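A.B. asks: Contents of data-v7.cif (mmCIF, C-alpha atoms) are given next:
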data_start
loop_
_atom_site.label_atom_id
_atom_site.label_comp_id
_atom_site.auth_asym_id
_atom_site.auth_seq_id
_atom_site.Cartn_x
_atom_site.Cartn_y
_atom_site.Cartn_z
CA MET A 29 -64.53 -39.36 23.97
CA LYS A 30 -66.70 -41.51 26.22
CA LEU A 31 -64.43 -40.63 29.14
CA VAL A 32 -65.01 -36.90 28.57
CA LEU A 33 -68.74 -37.49 28.26
CA GLY A 34 -68.69 -39.41 31.53
CA LEU A 35 -66.85 -36.58 33.24
CA ILE A 36 -69.31 -33.96 31.94
CA ILE A 37 -72.43 -35.96 32.84
CA GLY A 38 -70.90 -36.64 36.27
CA MET A 39 -70.11 -32.97 36.86
CA VAL A 40 -73.70 -31.97 36.07
CA PHE A 41 -74.97 -34.84 38.28
CA GLY A 42 -72.73 -33.76 41.18
CA ALA A 43 -73.69 -30.10 40.82
CA ILE A 44 -77.43 -30.89 40.78
CA LEU A 45 -77.08 -33.04 43.91
CA GLN A 46 -75.06 -30.38 45.69
CA LEU A 47 -77.35 -27.49 44.69
CA GLY A 48 -80.44 -29.57 45.47
CA GLY A 49 -79.34 -30.52 48.99
CA GLY A 50 -78.76 -34.18 48.09
CA SER A 51 -75.41 -34.15 49.86
CA SER A 52 -76.84 -32.74 53.08
CA TYR A 53 -77.05 -35.10 56.07
CA LYS A 54 -79.83 -32.96 57.53
CA LYS A 55 -81.93 -33.09 54.37
CA ILE A 56 -81.51 -36.86 53.96
CA MET A 57 -82.34 -37.59 57.60
CA GLY A 58 -85.23 -35.10 57.46
CA SER A 59 -86.80 -37.25 54.75
CA LEU A 60 -86.14 -40.54 56.57
CA LEU A 61 -87.69 -39.02 59.72
CA LEU A 62 -90.66 -37.94 57.55
CA LYS A 63 -90.27 -34.33 58.73
CA ASP A 64 -88.85 -32.64 55.63
CA MET A 65 -89.90 -34.30 52.36
CA HIS A 66 -87.43 -32.34 50.20
CA ILE A 67 -85.21 -35.31 49.22
CA ILE A 68 -88.07 -37.77 48.73
CA LYS A 69 -89.88 -35.27 46.51
CA LEU A 70 -86.68 -34.48 44.60
CA ILE A 71 -86.21 -38.20 43.83
CA LEU A 72 -89.88 -38.63 42.88
CA MET A 73 -89.68 -35.62 40.55
CA ALA A 74 -86.55 -37.03 38.86
CA ILE A 75 -88.31 -40.40 38.40
CA ALA A 76 -91.54 -38.80 37.14
CA VAL A 77 -89.66 -36.76 34.52
CA GLY A 78 -87.16 -39.54 33.77
CA THR A 79 -89.70 -42.28 33.15
CA LEU A 80 -91.67 -40.13 30.69
CA GLY A 81 -88.52 -39.09 28.80
CA ILE A 82 -86.97 -42.55 28.75
CA TYR A 83 -90.08 -44.23 27.38
CA ALA A 84 -90.67 -41.40 24.89
CA LEU A 85 -87.09 -42.03 23.67
CA ASP A 86 -87.77 -45.77 23.64
CA LEU A 87 -90.72 -45.20 21.34
CA VAL A 88 -88.31 -43.89 18.68
CA ASP A 89 -85.70 -46.51 19.63
CA MET A 90 -83.28 -43.96 21.07
CA ALA A 91 -83.12 -45.14 24.70
CA ASN A 92 -80.10 -47.19 25.76
CA LEU A 93 -82.02 -49.04 28.45
CA SER A 94 -80.21 -50.99 31.14
CA ILE A 95 -82.72 -53.21 32.92
CA LYS A 96 -81.38 -54.91 36.04
CA PRO A 97 -82.52 -58.46 36.89
CA THR A 98 -85.29 -58.91 39.50
CA TYR A 99 -84.34 -61.50 42.15
CA VAL A 100 -86.96 -60.79 44.77
CA VAL A 101 -85.42 -62.33 47.91
CA GLY A 102 -81.86 -61.06 47.35
CA ILE A 103 -83.10 -57.57 46.49
CA ILE A 104 -85.31 -57.28 49.59
CA ILE A 105 -82.41 -58.37 51.85
CA ALA A 106 -80.07 -56.00 50.00
CA GLY A 107 -82.55 -53.16 50.48
CA VAL A 108 -82.74 -53.81 54.23
CA ILE A 109 -78.91 -53.76 54.54
CA PHE A 110 -78.70 -50.64 52.36
CA GLY A 111 -81.52 -48.97 54.32
CA VAL A 112 -79.72 -49.47 57.64
CA GLY A 113 -76.54 -48.01 56.13
CA PHE A 114 -78.53 -45.11 54.65
CA ALA A 115 -79.94 -44.10 58.07
CA VAL A 116 -76.70 -44.72 60.02
CA ALA A 117 -74.39 -42.89 57.61
CA GLY A 118 -76.94 -40.30 56.45
CA TYR A 119 -75.52 -40.49 52.94
CA CYS A 120 -75.79 -42.87 50.00
CA PRO A 121 -73.03 -44.09 47.66
CA GLY A 122 -73.37 -41.11 45.30
CA THR A 123 -74.17 -38.32 47.74
CA CYS A 124 -71.18 -39.19 49.96
CA VAL A 125 -68.94 -38.51 46.94
CA VAL A 126 -70.49 -35.04 46.56
CA ALA A 127 -70.45 -34.39 50.33
CA SER A 128 -66.76 -35.37 50.37
CA ALA A 129 -66.12 -32.74 47.72
CA GLU A 130 -67.82 -30.21 50.00
CA GLY A 131 -65.17 -30.92 52.63
CA LYS A 132 -67.35 -33.00 54.95
CA THR A 133 -64.91 -35.47 56.49
CA ASP A 134 -67.59 -37.89 57.74
CA ALA A 135 -68.68 -38.35 54.12
CA MET A 136 -65.08 -39.17 53.17
CA VAL A 137 -65.16 -41.89 55.85
CA THR A 138 -68.47 -43.18 54.44
CA LEU A 139 -66.74 -43.39 51.05
CA LEU A 140 -63.91 -45.45 52.61
CA GLY A 141 -66.46 -47.61 54.42
CA GLY A 142 -68.13 -48.13 51.03
CA LEU A 143 -64.89 -49.36 49.49
CA ALA A 144 -64.54 -51.78 52.43
CA GLY A 145 -68.15 -52.94 52.11
CA ALA A 146 -67.78 -53.56 48.37
CA LEU A 147 -64.59 -55.56 49.06
CA LEU A 148 -66.35 -57.57 51.77
CA TYR A 149 -69.10 -58.35 49.27
CA ALA A 150 -66.49 -59.50 46.73
CA ILE A 151 -65.00 -61.84 49.34
CA VAL A 152 -68.32 -63.42 50.41
CA TYR A 153 -69.82 -63.34 46.87
CA PRO A 154 -69.31 -67.09 46.18
CA ALA A 155 -71.34 -67.94 49.31
CA LEU A 156 -74.11 -65.44 48.47
CA SER A 157 -74.43 -66.01 44.74
CA GLY A 158 -77.11 -68.65 45.38
CA LEU A 159 -79.32 -65.90 46.82
CA ILE A 160 -79.44 -64.26 43.41
CA GLY A 161 -80.92 -67.44 41.96
CA ILE A 162 -83.97 -67.48 44.27
CA ALA A 163 -87.15 -66.04 42.72
CA ASN A 164 -85.12 -64.56 39.88
CA TYR A 165 -87.42 -63.23 37.18
CA GLY A 166 -84.65 -61.81 35.01
CA LYS A 167 -84.75 -58.37 33.33
CA VAL A 168 -88.43 -57.65 33.83
CA THR A 169 -90.18 -54.26 33.82
CA VAL A 170 -93.80 -53.46 34.71
CA ALA A 171 -94.40 -52.87 31.00
CA SER A 172 -92.72 -56.06 29.79
CA ALA A 173 -94.57 -58.11 32.42
CA LEU A 174 -97.88 -56.75 31.11
CA ASN A 175 -96.66 -56.96 27.51
CA VAL A 176 -97.45 -53.32 26.62
CA ASP A 177 -95.37 -50.38 25.35
CA GLY A 178 -93.58 -48.60 28.19
CA LEU A 179 -95.38 -45.31 27.69
CA TRP A 180 -98.74 -46.91 28.60
CA ILE A 181 -97.34 -47.47 32.08
CA ALA A 182 -95.01 -44.46 32.21
CA VAL A 183 -97.77 -41.84 31.75
CA PRO A 184 -100.13 -43.00 34.53
CA PHE A 185 -97.15 -43.86 36.78
CA SER A 186 -95.71 -40.39 36.33
CA ALA A 187 -99.12 -38.80 36.95
CA PHE A 188 -99.38 -40.82 40.18
CA LEU A 189 -95.95 -39.55 41.30
CA PHE A 190 -96.99 -35.92 40.61
CA PHE A 191 -100.09 -36.55 42.71
CA LEU A 192 -97.88 -37.85 45.56
CA MET A 193 -95.47 -34.90 45.29
CA PHE A 194 -98.03 -32.10 45.20
CA ARG A 195 -101.03 -33.52 47.06
CA VAL A 196 -99.94 -36.23 49.49
CA LEU A 197 -96.43 -35.60 50.85
CA LYS A 198 -96.33 -32.69 53.28
CA ASP A 199 -93.51 -31.37 55.43
CA ARG A 200 -93.99 -31.67 59.19
CA TYR A 201 -91.42 -29.37 60.76
CA GLU A 202 -90.82 -29.65 64.47
CA MET B 15 -75.25 -21.08 58.39
CA GLN B 16 -76.99 -21.44 55.05
CA ASP B 17 -79.29 -24.34 55.76
CA GLN B 18 -81.54 -24.42 52.76
CA PRO B 19 -80.35 -25.85 49.42
CA VAL B 20 -79.88 -23.44 46.51
CA LEU B 21 -82.45 -25.25 44.36
CA SER B 22 -85.98 -26.28 45.28
CA TRP B 23 -86.85 -29.98 45.00
CA LYS B 24 -88.93 -29.16 41.94
CA VAL B 25 -86.07 -27.58 40.01
CA ALA B 26 -83.40 -30.04 41.20
CA GLY B 27 -85.67 -33.03 40.53
CA LEU B 28 -86.57 -31.71 37.06
CA LEU B 29 -82.90 -31.15 36.19
CA LEU B 30 -81.96 -34.61 37.49
CA GLY B 31 -84.74 -36.18 35.41
CA LEU B 32 -83.56 -34.31 32.29
CA LEU B 33 -79.95 -35.38 32.94
CA LEU B 34 -81.11 -39.00 33.27
CA ILE B 35 -82.94 -38.74 29.93
CA ALA B 36 -79.84 -37.23 28.26
CA ALA B 37 -77.54 -39.88 29.74
CA THR B 38 -79.92 -42.66 28.60
CA ALA B 39 -79.99 -41.24 25.07
CA LEU B 40 -76.21 -40.69 24.87
CA VAL B 41 -74.75 -43.65 26.78
CA LYS B 42 -76.84 -45.40 29.46
CA PRO B 43 -78.77 -44.53 32.64
CA LEU B 44 -76.93 -43.16 35.69
CA GLY B 45 -75.19 -45.44 38.20
CA VAL B 46 -72.57 -45.06 40.92
CA SER B 47 -72.10 -48.10 43.15
CA THR B 48 -70.35 -50.35 40.58
CA GLN B 49 -67.43 -47.93 40.67
CA TYR B 50 -66.67 -48.85 44.28
CA VAL B 51 -65.93 -52.40 43.12
CA VAL B 52 -64.04 -51.08 40.11
CA THR B 53 -61.92 -48.92 42.44
CA ASP B 54 -61.29 -51.91 44.72
CA ALA B 55 -60.38 -53.97 41.65
CA ILE B 56 -57.98 -51.30 40.32
CA VAL B 57 -56.21 -51.05 43.67
CA LEU B 58 -56.07 -54.80 44.31
CA HIS B 59 -55.06 -55.78 40.78
CA SER B 60 -51.90 -53.78 41.39
CA ALA B 61 -51.42 -54.24 45.16
CA ALA B 62 -52.42 -57.91 45.51
CA PRO B 63 -52.75 -59.32 41.96
CA ASN B 64 -52.99 -62.96 43.08
CA PHE B 65 -55.89 -62.22 45.39
CA ALA B 66 -57.65 -60.07 42.78
CA GLU B 67 -57.29 -62.69 40.03
CA SER B 68 -58.51 -65.50 42.27
CA ASN B 69 -61.55 -63.59 43.54
CA GLU B 70 -64.55 -64.43 41.39
CA TYR B 71 -66.23 -61.03 41.81
CA LEU B 72 -63.17 -58.81 41.42
CA SER B 73 -61.77 -60.76 38.46
CA LYS B 74 -65.11 -60.27 36.73
CA TYR B 75 -64.22 -56.61 36.44
CA GLY B 76 -60.72 -57.43 35.16
CA ASP B 77 -62.17 -58.98 32.03
CA LYS B 78 -64.66 -56.28 31.29
CA GLN B 79 -63.85 -53.70 28.68
CA ASP B 80 -64.74 -50.82 30.97
CA TRP B 81 -62.62 -52.10 33.81
CA GLY B 82 -60.36 -49.43 35.26
CA ILE B 83 -60.82 -45.80 34.44
CA GLY B 84 -63.82 -46.08 32.12
CA TYR B 85 -66.95 -44.06 31.46
CA GLY B 86 -68.56 -44.96 34.80
CA TRP B 87 -65.48 -44.13 36.84
CA MET B 88 -65.11 -40.77 35.11
CA LEU B 89 -68.75 -40.06 35.92
CA VAL B 90 -68.08 -40.50 39.65
CA LEU B 91 -64.92 -38.37 39.40
CA GLY B 92 -67.09 -35.78 37.64
CA MET B 93 -69.58 -35.87 40.53
CA PHE B 94 -66.75 -35.01 42.91
CA ILE B 95 -65.53 -32.13 40.73
CA GLY B 96 -69.01 -30.82 39.89
CA GLY B 97 -70.21 -31.03 43.49
CA GLY B 98 -67.04 -29.37 44.78
CA LEU B 99 -67.21 -26.54 42.23
CA SER B 100 -70.86 -25.75 42.90
CA ALA B 101 -70.18 -25.76 46.67
CA LEU B 102 -67.31 -23.30 46.17
CA ILE B 103 -69.24 -21.05 43.78
CA THR B 104 -72.31 -20.89 46.04
CA ARG B 105 -70.05 -20.42 49.11
CA ARG B 106 -71.21 -23.61 50.81
CA PHE B 107 -67.87 -25.37 51.00
CA ARG B 108 -67.38 -26.83 54.48
CA GLN B 109 -70.35 -24.90 55.88
CA ARG B 110 -70.19 -26.62 59.26
CA GLU B 111 -68.85 -25.74 62.67
CA ASN B 112 -67.15 -29.14 62.82
CA PRO B 113 -66.26 -30.60 59.41
CA SER B 114 -66.71 -34.17 60.63
CA ILE B 115 -70.06 -33.83 62.44
CA PRO B 116 -73.43 -32.73 61.05
CA SER B 117 -75.11 -30.40 63.56
CA MET B 118 -78.25 -32.52 63.60
CA TRP B 119 -76.22 -35.63 64.50
CA GLN B 120 -74.40 -33.61 67.19
CA SER B 121 -77.66 -32.58 68.85
CA GLU B 122 -78.58 -36.25 69.31
CA PHE B 123 -75.28 -38.07 69.79
CA GLY B 124 -72.91 -35.42 71.14
CA ASP B 125 -69.70 -33.98 69.77
CA SER B 126 -67.57 -37.14 69.66
CA SER B 127 -65.83 -37.15 66.31
CA PRO B 128 -64.67 -40.81 66.57
CA ARG B 129 -68.25 -41.87 67.26
CA ARG B 130 -69.52 -40.04 64.18
CA MET B 131 -66.71 -41.55 62.11
CA THR B 132 -67.67 -45.04 63.31
CA HIS B 133 -71.28 -44.45 62.24
CA ALA B 134 -70.10 -43.04 58.91
CA PHE B 135 -67.76 -45.97 58.21
CA ILE B 136 -70.15 -48.76 59.22
CA GLY B 137 -72.98 -47.02 57.37
CA GLY B 138 -70.84 -46.78 54.25
CA ALA B 139 -69.86 -50.44 54.44
CA LEU B 140 -73.53 -51.50 54.79
CA LEU B 141 -74.53 -49.21 51.91
CA LEU B 142 -72.10 -50.76 49.46
CA PHE B 143 -72.60 -54.33 50.66
CA GLY B 144 -76.34 -53.88 50.08
CA ALA B 145 -75.87 -52.03 46.80
CA ARG B 146 -73.62 -54.75 45.38
CA LEU B 147 -76.01 -57.49 46.47
CA ALA B 148 -78.87 -55.59 44.80
CA GLY B 149 -76.81 -54.61 41.75
CA GLY B 150 -77.32 -50.87 42.19
CA CYS B 151 -77.90 -48.01 44.64
CA THR B 152 -80.01 -44.86 44.91
CA SER B 153 -78.93 -43.78 41.42
CA GLY B 154 -78.75 -47.10 39.55
CA HIS B 155 -81.78 -48.75 41.13
CA VAL B 156 -83.99 -46.07 42.67
CA ILE B 157 -83.65 -43.24 40.14
CA SER B 158 -82.56 -44.98 36.91
CA GLY B 159 -84.16 -48.37 37.59
CA ILE B 160 -87.60 -47.14 38.68
CA SER B 161 -87.58 -44.66 35.77
CA GLN B 162 -87.22 -47.69 33.48
CA LEU B 163 -90.11 -49.30 35.41
CA THR B 164 -87.83 -52.19 36.47
CA VAL B 165 -89.74 -54.44 38.89
CA GLY B 166 -86.67 -55.25 41.03
CA SER B 167 -85.80 -51.55 41.37
CA ILE B 168 -89.29 -50.74 42.66
CA ILE B 169 -88.92 -53.56 45.23
CA PHE B 170 -85.45 -52.26 46.19
CA GLY B 171 -86.80 -48.71 46.60
CA PHE B 172 -89.56 -49.85 48.97
CA SER B 173 -87.16 -52.05 50.95
CA VAL B 174 -84.58 -49.25 51.30
CA PHE B 175 -86.98 -46.51 52.35
CA ALA B 176 -89.05 -48.72 54.68
CA THR B 177 -85.87 -49.82 56.48
CA GLY B 178 -84.27 -46.37 56.38
CA ILE B 179 -87.38 -44.74 57.86
CA ILE B 180 -87.61 -47.31 60.69
CA VAL B 181 -83.88 -47.12 61.56
CA ALA B 182 -83.86 -43.30 61.41
CA HIS B 183 -86.77 -43.20 63.87
CA MET B 184 -84.91 -45.62 66.17
CA LEU B 185 -81.75 -43.50 66.04
CA TYR B 186 -83.59 -40.23 66.71
CA ARG B 187 -86.23 -41.58 69.14
CA ARG B 188 -85.23 -39.17 71.93
CA ARG B 189 -85.59 -36.12 69.69
CA LEU B 190 -88.91 -37.40 68.37
CA GLN B 191 -90.30 -37.98 71.87
CA SER B 192 -89.42 -34.57 73.22
#
Using structure tokens, write down the structure that the file contains.
C.D. replies:
Amino acid sequence: MKLVLGLIIGMVFGAILQLGGGSSYKKIMGSLLLKDMHIIKLILMAIAVGTLGIYALDLVDMANLSIKPTYVVGIIIAGVIFGVGFAVAGYCPGTCVVASAEGKTDAMVTLLGGLAGALLYAIVYPALSGLIGIANYGKVTVASALNVDGLWIAVPFSAFLFFLMFRVLKDRYE
Amino acid sequence: MQDQPVLSWKVAGLLLGLLLIAATALVKPLGVSTQYVVTDAIVLHSAAPNFAESNEYLSKYGDKQDWGIGYGWMLVLGMFIGGGLSALITRRFRQRENPSIPSMWQSEFGDSSPRRMTHAFIGGALLLFGARLAGGCTSGHVISGISQLTVGSIIFGFSVFATGIIVAHMLYRRRLQS
């Protein structure tokens, strides 16, 4: 049953990304070049809606949260490596799956590169695992750090994201 | 060429947010990058079992209940099917002159398919190396993690976009200067 649910949620996820331009090299690079804010605003909208819904669910104990640990140094380095890959490939690990399904062969190669990169990480993992121990604060959220209910942070945070989306971020076409 | 996406960022972002809420209520938040390791583990546990068992990271997935074709793997398969179907239905399947080269990339780097493939492969390898080190990618960290107000995910998001913006400007410096 969970397998079917996974397939259905994945199909909706893939369709939204495809219909929303998430699997488009041009749209992704447009956002990274700060010319076309479509993808950045799409992500901010998803977060703004998601954070409100998740913490509303959490209030009635219905959210299956999955908080990842915060190890500051490892995560910053990981973000730099990921960011270089993001700009060079023009896809990310999820959108290259969708772009592959659209018949874009470069995205299929990004997918293969991803399998190789994940394997490389598995091989060097014993040498890098120390990095995860540096400045590791565990499963901390902004709300748990301040010791308040999530919604107290979620509402102003979401409002701030709406402000960014509608008032700050503007397209600058060439 | 149909250049603009079918959905506006408002509608697509709203739908993605609602899907994230539904997934969090039903199972757990969205995530993709773990499945690359799971796929590696599936292949290597059958092709090179000794290596897979002896590797600390890959064997970790051998013990887990959702190792192999589990919920998360089906989700990524679903993304492929759902994305492919919506591309076919909206007549955007393979909407490119050259299936291997985005036209924007071509205008900057030329029409060498091997060169584009090299970028695509190295980029993909860096993406997943970084995602595994961080413990998530654009979906698991940036969208799901920041929506849960996870401190590390917010740091990851800033690190990714700051780097991505700088590297994109370096790659397209000629276009930006002209």
A.B. asks: Taking (-88.0, -53.0, 49.5) as a centre in this file's frame and 12 Å as the limit, can you find every polymer residue with an atom that close, using all atoms listed in the file, and give them as a PDB file with C-alpha atoms, in the coordinates of the input?
C.D. replies:
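What follows is the written file point-v4.pdb:
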ATOM      1  CA  THR A  98     -85.290 -58.910  39.500  1.00  0.00           C
ATOM      2  CA  TYR A  99     -84.340 -61.500  42.150  1.00  0.00           C
ATOM      3  CA  VAL A 100     -86.960 -60.790  44.770  1.00  0.00           C
ATOM      4  CA  VAL A 101     -85.420 -62.330  47.910  1.00  0.00           C
ATOM      5  CA  GLY A 102     -81.860 -61.060  47.350  1.00  0.00           C
ATOM      6  CA  ILE A 103     -83.100 -57.570  46.490  1.00  0.00           C
ATOM      7  CA  ILE A 104     -85.310 -57.280  49.590  1.00  0.00           C
ATOM      8  CA  ILE A 105     -82.410 -58.370  51.850  1.00  0.00           C
ATOM      9  CA  ALA A 106     -80.070 -56.000  50.000  1.00  0.00           C
ATOM     10  CA  GLY A 107     -82.550 -53.160  50.480  1.00  0.00           C
ATOM     11  CA  VAL A 108     -82.740 -53.810  54.230  1.00  0.00           C
ATOM     12  CA  ILE A 109     -78.910 -53.760  54.540  1.00  0.00           C
ATOM     13  CA  PHE A 110     -78.700 -50.640  52.360  1.00  0.00           C
ATOM     14  CA  GLY A 111     -81.520 -48.970  54.320  1.00  0.00           C
TER      15      GLY A 111
ATOM     16  CA  GLY B 144     -76.340 -53.880  50.080  1.00  0.00           C
ATOM     17  CA  ALA B 148     -78.870 -55.590  44.800  1.00  0.00           C
ATOM     18  CA  HIS B 155     -81.780 -48.750  41.130  1.00  0.00           C
ATOM     19  CA  VAL B 156     -83.990 -46.070  42.670  1.00  0.00           C
ATOM     20  CA  VAL B 165     -89.740 -54.440  38.890  1.00  0.00           C
ATOM     21  CA  GLY B 166     -86.670 -55.250  41.030  1.00  0.00           C
ATOM     22  CA  SER B 167     -85.800 -51.550  41.370  1.00  0.00           C
ATOM     23  CA  ILE B 168     -89.290 -50.740  42.660  1.00  0.00           C
ATOM     24  CA  ILE B 169     -88.920 -53.560  45.230  1.00  0.00           C
ATOM     25  CA  PHE B 170     -85.450 -52.260  46.190  1.00  0.00           C
ATOM     26  CA  GLY B 171     -86.800 -48.710  46.600  1.00  0.00           C
ATOM     27  CA  PHE B 172     -89.560 -49.850  48.970  1.00  0.00           C
ATOM     28  CA  SER B 173     -87.160 -52.050  50.950  1.00  0.00           C
ATOM     29  CA  VAL B 174     -84.580 -49.250  51.300  1.00  0.00           C
ATOM     30  CA  PHE B 175     -86.980 -46.510  52.350  1.00  0.00           C
ATOM     31  CA  ALA B 176     -89.050 -48.720  54.680  1.00  0.00           C
ATOM     32  CA  THR B 177     -85.870 -49.820  56.480  1.00  0.00           C
ATOM     33  CA  GLY B 178     -84.270 -46.370  56.380  1.00  0.00           C
ATOM     34  CA  ILE B 179     -87.380 -44.740  57.860  1.00  0.00           C
TER      35      ILE B 179
END
A.B. asks: Taking the file as I've supplied it (selection: the PyMOL selection byres ((chain B and resi 38-52) around 9)), which residues are included? Please answer as an MDAnalysis selection string.
C.D. replies: (chainID A and resid 30 33:34 37:38 41 82 85 90:94 121:122 139 142:147 150) or (chainID B and resid 33:37 53:57 71:72 75:76 81:83 86:87 89:90 142 145:146 149:155 157:159)
A.B. asks: Figure out the distance between atom CA of A:Lys132 and atom CA of B:Arg108, please, to one decimal in Å.
C.D. replies: 6.2 Å
A.B. asks: On this structure, the PyMOL selection byres ((chain A and resi 189) around 12) would catch which residues? List them as number ranges by chain, sorted by chain and number.
C.D. replies: A: 68-80, 182-188, 190-197; B: 160-161
A.B. asks: One number please: atom CA of A:Leu148 to atom CA of B:Ser114, in Å, one decimal.
C.D. replies: 25.0 Å
A.B. asks: What is the atom CA of A:Asp199 to atom CA of A:Ser59 distance in Å?
C.D. replies: 8.9 Å
A.B. asks: To test your reading of the syntax: which residues would the PyMOL selection byres ((chain B and resi 190) around 12) return for the file shown? Reply as a list in words.
C.D. replies: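 Taken on the displayed file, the PyMOL selection byres ((chain B and resi 190) around 12) yields the residues Gly58, Leu61, Leu62, Lys63, Arg200, Tyr201 and Glu202 of chain A; Glu122, Ala182, His183, Met184, Leu185, Tyr186, Arg187, Arg188, Arg189, Gln191 and Ser192 of chain B.
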A.B. asks: Between A:Cys124, A:Met65, A:Ala84, A:Met57, which residue has the minimum interatomic distance to B:Gly97, considering all atoms listed in the file?
C.D. replies: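 Smallest separation from B:Gly97 among the options: A:Cys124.
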A.B. asks: Using only C-alpha atoms, can you tell me which of A:Ser128, A:Gly49, A:Tyr153, A:Lys167 comes closest to A:Leu140?
C.D. replies: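 Comparing A:Ser128, A:Gly49, A:Tyr153, A:Lys167 against A:Leu140, the winner is A:Ser128.
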A.B. asks: With N, CA and C atoms as the goal, would you fill in the gaps in stretch 29-41 of chain B and present it as an mmCIF file, in the coordinates of the input?
C.D. replies:
data_model
loop_
_atom_site.group_PDB
_atom_site.id
_atom_site.type_symbol
_atom_site.label_atom_id
_atom_site.label_comp_id
_atom_site.auth_asym_id
_atom_site.auth_seq_id
_atom_site.Cartn_x
_atom_site.Cartn_y
_atom_site.Cartn_z
ATOM 1 N N LEU B 29 -84.219 -31.107 36.827
ATOM 2 C CA LEU B 29 -82.900 -31.150 36.190
ATOM 3 C C LEU B 29 -82.316 -32.556 36.224
ATOM 4 N N LEU B 30 -82.488 -33.239 37.362
ATOM 5 C CA LEU B 30 -81.960 -34.610 37.490
ATOM 6 C C LEU B 30 -82.669 -35.550 36.512
ATOM 7 N N GLY B 31 -83.975 -35.370 36.377
ATOM 8 C CA GLY B 31 -84.740 -36.180 35.410
ATOM 9 C C GLY B 31 -84.261 -35.931 33.989
ATOM 10 N N LEU B 32 -84.028 -34.652 33.636
ATOM 11 C CA LEU B 32 -83.560 -34.310 32.290
ATOM 12 C C LEU B 32 -82.160 -34.872 32.045
ATOM 13 N N LEU B 33 -81.299 -34.809 33.074
ATOM 14 C CA LEU B 33 -79.950 -35.380 32.940
ATOM 15 C C LEU B 33 -80.023 -36.891 32.707
ATOM 16 N N LEU B 34 -80.935 -37.546 33.438
ATOM 17 C CA LEU B 34 -81.110 -39.000 33.270
ATOM 18 C C LEU B 34 -81.551 -39.327 31.842
ATOM 19 N N ILE B 35 -82.466 -38.514 31.311
ATOM 20 C CA ILE B 35 -82.940 -38.740 29.930
ATOM 21 C C ILE B 35 -81.769 -38.559 28.950
ATOM 22 N N ALA B 36 -80.987 -37.490 29.150
ATOM 23 C CA ALA B 36 -79.840 -37.230 28.260
ATOM 24 C C ALA B 36 -78.829 -38.357 28.341
ATOM 25 N N ALA B 37 -78.524 -38.809 29.565
ATOM 26 C CA ALA B 37 -77.540 -39.880 29.740
ATOM 27 C C ALA B 37 -78.034 -41.173 29.082
ATOM 28 N N THR B 38 -79.351 -41.443 29.197
ATOM 29 C CA THR B 38 -79.920 -42.660 28.600
ATOM 30 C C THR B 38 -79.868 -42.600 27.083
ATOM 31 N N ALA B 39 -80.061 -41.390 26.531
ATOM 32 C CA ALA B 39 -79.990 -41.240 25.070
ATOM 33 C C ALA B 39 -78.541 -41.343 24.590
ATOM 34 N N LEU B 40 -77.601 -40.761 25.327
ATOM 35 C CA LEU B 40 -76.210 -40.690 24.870
ATOM 36 C C LEU B 40 -75.431 -41.971 25.166
ATOM 37 N N VAL B 41 -75.550 -42.487 26.391
ATOM 38 C CA VAL B 41 -74.750 -43.650 26.780
ATOM 39 C C VAL B 41 -75.627 -44.715 27.444
#
